[in-house]
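To start, the structure under review is shown below, and the notes come after it.
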Amino acid sequence: MISKRQLCLSLTFLLFLSCNTNPFTGKKTLALVPNSQIFPMAFQQYDEFLSQSNVVKGTAEARMVTNVGQKIAAAAERYLTAQGYAGYLKDYAWEYNLVNDETVNAWCMPGGKIVFYTGILPITQGEVGIATVMGHEVAHALANHGQQRMSASQLQALGAVAGNVALSNDPENVEIFNQAYGIGSQVGVMLPFSRSHESEADKIGLYLMAIAGYEPMEAVQLWERMKSNKNGEAPPEFLSTHPSDDTRISNIQGWAPEAKAEARKFGVTQFKTQ
Ligand SMILES: [Zn+2]
């Protein structure tokens with residue numbers, strides 16, 4: 001029988017072991033569940049989701065989502081390499097899909113598995129709008145926000161982590177995973193991230209879009225359009241988890257010049273505005 005003291009000790013040890021410094025945020029973050037366990041599970045859930053969805057192939061819009069996604073991913077690689085983190089994304093298996101669904105949403109699962117719903121396209125409008133949302137969602141994944149949320153809920157739910165957090169196909173773990181990422185049967189019903197995670201994703205997203213050659217100040221237009229899209233009955237999914245308020249917009253206005261300055265270090269001098 002394990003004593004309370006032993007449990008505390010092993011838990012402390014585990015927490016100590018699992019703190020990583022995130023290269024995007026510079027913060028020590030709790031990673032109770034390593035990527036080597038999360039990614040295979042995310043990839044499986046993603047494939048399952050696609051097999052049950054109406055994936056749009058071969059249209060100009062689908063191609064645009066893929067092109068923008070590739071540019072944002074390349075920007076992330078360049079940025080990380082410059083920061084001394086070459087190889088940080090080696091286990092990522094980037095994939096970009098457009099799904100025919102009126103839900104106003106987009107998301108990026110751990111390991112770079114991205115979905116845009118056609119319902120968000122009237123708001124993103126063109127390439128730069130897609131880049132804004134893509135940069136933001138990819139930023140959540142790169143900053144391990146979902147993982148941090150999962151670690152917290154996992155601690156709560158499991159209480160004691162007996163030195164072995166095997167996700168595998170244990171239904172309880174699958175449930176926790178789905179709660180954390182809002183995927184599987186709950187796709188599109190994403191739990192909101194905290195305000196500080198939203199701000200981080202906004203800032204990192206602006207850097208990525210600027211390095212990818214998109215005008216970061218254009219992000220303001222996107223969030224304004226999100227805001228004015230609210231005047232329906234129910235707010236769109238994306239808006240319910242991403243309230244577009246004046247603070248968000250003024251933060252973006254402040255960070256956009258920094259993002260462009262960063263992009264110039266990579267030789268980017270032209271920024272697309274549409
Ligand atoms: Zn977000």
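Residue numbering restarts at 1 for every chain of the structure tokens, chains are lettered A, B, ... in their displayed order, and ligands are numbered from 1 as they appear.
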What are the nearest atom pairs, with distances in Å to one decimal, for all residues of chain A that come at most 7 Å from ligand 1, using only C-alpha atoms and all ligand atoms, set out by chain and rising residue number as CSV?
```
residue,atom,partner,partner_atom_place_in_ligand_line,distance
A:His136,CA,ligand 1,1 (Zn),6.2
A:Glu137,CA,ligand 1,1 (Zn),6.1
A:His140,CA,ligand 1,1 (Zn),6.5
A:Phe193,CA,ligand 1,1 (Zn),6.3
A:Glu198,CA,ligand 1,1 (Zn),4.8
A:Ala201,CA,ligand 1,1 (Zn),6.1
A:Thr241,CA,ligand 1,1 (Zn),6.9
A:His242,CA,ligand 1,1 (Zn),5.8
```
Requested write-out: N, CA and C atoms of the selected residues, as a compact mmCIF listing (two decimals), in the first residue's frame:
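Below is the file that was written, again10.txt:
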```
# COMPACT_ATOMS: atom_id res chain seq x y z
N HIS A 136 -3.12 31.85 -35.30
CA HIS A 136 -3.63 31.81 -33.92
C HIS A 136 -3.82 30.36 -33.44
N GLU A 137 -4.45 29.55 -34.25
CA GLU A 137 -4.72 28.17 -33.84
C GLU A 137 -3.43 27.35 -33.74
N HIS A 140 -1.70 28.12 -30.50
CA HIS A 140 -2.20 27.36 -29.34
C HIS A 140 -1.49 26.00 -29.26
N PHE A 193 -10.09 28.64 -24.07
CA PHE A 193 -8.80 28.76 -23.41
C PHE A 193 -8.88 29.93 -22.44
N GLU A 198 -5.19 32.94 -24.65
CA GLU A 198 -5.68 33.62 -25.86
C GLU A 198 -4.70 34.72 -26.28
N ALA A 201 -1.60 33.22 -27.78
CA ALA A 201 -1.85 32.72 -29.14
C ALA A 201 -1.97 33.88 -30.12
N THR A 241 -15.58 30.98 -28.03
CA THR A 241 -14.33 30.65 -27.35
C THR A 241 -13.27 31.73 -27.59
N HIS A 242 -13.59 32.68 -28.47
CA HIS A 242 -12.64 33.75 -28.79
C HIS A 242 -13.33 35.11 -28.76
```
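Residues surrounding Ala93 of chain A within 8 Å are Gly111, Gly112 and Lys113 of chain A [only C-alpha atoms; sequence separation below 4 positions excluded].
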For segment 47-63 of chain A, list every protein, DNA or RNA residue within 12 Å, evaluated using only C-alpha atoms, and leave out those in the same chain fewer than 5 positions away; present the list as a PyMOL selection string.
-> chain A and resi 40-42+68-70+95-102+109+113-122+124-127+130+182-188
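Distances from A:Val220, A:Leu89, A:Val128, A:Gly26 to Asn67 of chain A were compared using only C-alpha atoms, and the smallest one belongs to A:Val128.
Between atom CA of Ser196 of chain A and atom CA of Met226 of chain A the interatomic distance comes to 19.6 Å.
Interatomic distance, atom CA of Gly213 of chain A to atom CA of Ala76 of chain A: 12.4 Å.
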Quick one: residues within 10 Å of segment 77-85 of chain A, only C-alpha atoms counted, chain neighbours fewer than 2 positions away excluded, as a ChimeraX atom specification?
-> /A:23-24,71-75,87-90,207-208,211-212,262-263,265-266
If you keep N, CA and C atoms, can you produce a file of those selected residues as a short mmCIF file (atom, residue, chain, number, x, y, z; two decimals), in the first residue's frame?
```cif
data_model
loop_
_atom_site.label_atom_id
_atom_site.label_comp_id
_atom_site.auth_asym_id
_atom_site.auth_seq_id
_atom_site.Cartn_x
_atom_site.Cartn_y
_atom_site.Cartn_z
N PRO A 23 9.61 27.21 -26.07
CA PRO A 23 10.42 28.17 -26.82
C PRO A 23 9.62 29.37 -27.34
N PHE A 24 8.33 29.25 -27.39
CA PHE A 24 7.53 30.38 -27.87
C PHE A 24 7.21 31.35 -26.76
N LYS A 71 2.66 27.73 -45.26
CA LYS A 71 3.48 28.92 -45.01
C LYS A 71 3.62 29.20 -43.52
N ILE A 72 2.54 29.01 -42.79
CA ILE A 72 2.58 29.23 -41.33
C ILE A 72 3.49 28.19 -40.68
N ALA A 73 3.39 26.95 -41.13
CA ALA A 73 4.25 25.89 -40.58
C ALA A 73 5.72 26.19 -40.86
N ALA A 74 6.00 26.65 -42.10
CA ALA A 74 7.38 26.98 -42.46
C ALA A 74 7.88 28.14 -41.61
N ALA A 75 7.00 29.11 -41.33
CA ALA A 75 7.38 30.25 -40.49
C ALA A 75 7.73 29.77 -39.08
N GLY A 87 14.57 21.31 -34.93
CA GLY A 87 14.17 19.94 -34.61
C GLY A 87 13.04 19.86 -33.59
N TYR A 88 12.63 21.01 -33.05
CA TYR A 88 11.57 21.03 -32.04
C TYR A 88 10.27 20.46 -32.60
N LEU A 89 10.07 20.65 -33.90
CA LEU A 89 8.81 20.21 -34.51
C LEU A 89 8.96 18.89 -35.26
N LYS A 90 10.03 18.16 -34.96
CA LYS A 90 10.32 16.96 -35.77
C LYS A 90 9.19 15.93 -35.72
N TYR A 207 3.29 36.90 -35.04
CA TYR A 207 4.68 36.67 -35.45
C TYR A 207 4.72 35.67 -36.61
N LEU A 208 3.97 34.60 -36.46
CA LEU A 208 3.99 33.57 -37.51
C LEU A 208 3.46 34.12 -38.82
N ILE A 211 6.08 36.48 -40.37
CA ILE A 211 7.22 35.75 -40.95
C ILE A 211 6.80 35.03 -42.23
N ALA A 212 5.51 34.62 -42.27
CA ALA A 212 4.99 33.96 -43.47
C ALA A 212 4.67 34.97 -44.58
N GLU A 262 10.24 41.50 -36.33
CA GLU A 262 10.78 40.14 -36.23
C GLU A 262 10.89 39.52 -37.63
N ALA A 263 9.84 39.71 -38.43
CA ALA A 263 9.83 39.13 -39.77
C ALA A 263 10.97 39.67 -40.63
N LYS A 265 13.87 40.35 -39.72
CA LYS A 265 15.10 39.61 -39.40
C LYS A 265 15.24 38.38 -40.29
N PHE A 266 14.10 37.91 -40.81
CA PHE A 266 14.12 36.74 -41.69
C PHE A 266 14.11 37.16 -43.16
#
```
Of the candidates A:Gln44, A:Ser228, A:Asn35, A:Gln270, which shows the shortest atom-to-atom distance to Gly146 of chain A, using only C-alpha atoms?
-> A:Asn35
Could you pull out all residues of segment 28-141 of chain A with a DSSP call of alpha helix (DSSP H) and give them as a VMD selection string?
-> chain A and resid 35 to 51 60 to 82 121 to 124 127 to 141
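With distances restricted to only C-alpha atoms, A:Thr25 is the closest residue to Ser199 of chain A from A:Thr25, A:Asn229, A:Gln45, A:Gln221.
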Running DSSP on the backbone, which parts of segment 45-158 of chain A land in strand (DSSP E), as number ranges by chain?
-> A: 55-56, 95-99, 106-109, 113-117
Generate the output file for the selected residues, C-alpha atoms, as a PDB file, in the first residue's frame.
```pdb
ATOM      1  CA  VAL A  55     -13.688  16.949 -46.475  1.00  0.00           C
ATOM      2  CA  VAL A  56     -13.449  19.443 -49.328  1.00  0.00           C
ATOM      3  CA  GLU A  95      -1.978  18.430 -42.191  1.00  0.00           C
ATOM      4  CA  TYR A  96      -4.529  20.993 -43.328  1.00  0.00           C
ATOM      5  CA  ASN A  97      -8.094  20.134 -44.223  1.00  0.00           C
ATOM      6  CA  LEU A  98     -11.164  22.116 -45.138  1.00  0.00           C
ATOM      7  CA  VAL A  99     -14.384  20.501 -43.940  1.00  0.00           C
ATOM      8  CA  ALA A 106     -11.118  26.214 -37.005  1.00  0.00           C
ATOM      9  CA  TRP A 107      -8.690  24.308 -34.825  1.00  0.00           C
ATOM     10  CA  CYS A 108      -5.243  22.771 -34.652  1.00  0.00           C
ATOM     11  CA  MET A 109      -4.700  19.562 -32.750  1.00  0.00           C
ATOM     12  CA  LYS A 113      -3.425  18.593 -37.411  1.00  0.00           C
ATOM     13  CA  ILE A 114      -5.576  21.442 -38.654  1.00  0.00           C
ATOM     14  CA  VAL A 115      -9.208  21.783 -39.668  1.00  0.00           C
ATOM     15  CA  PHE A 116     -10.991  24.788 -41.110  1.00  0.00           C
ATOM     16  CA  TYR A 117     -14.764  24.640 -41.488  1.00  0.00           C
TER      17      TYR A 117
END
```
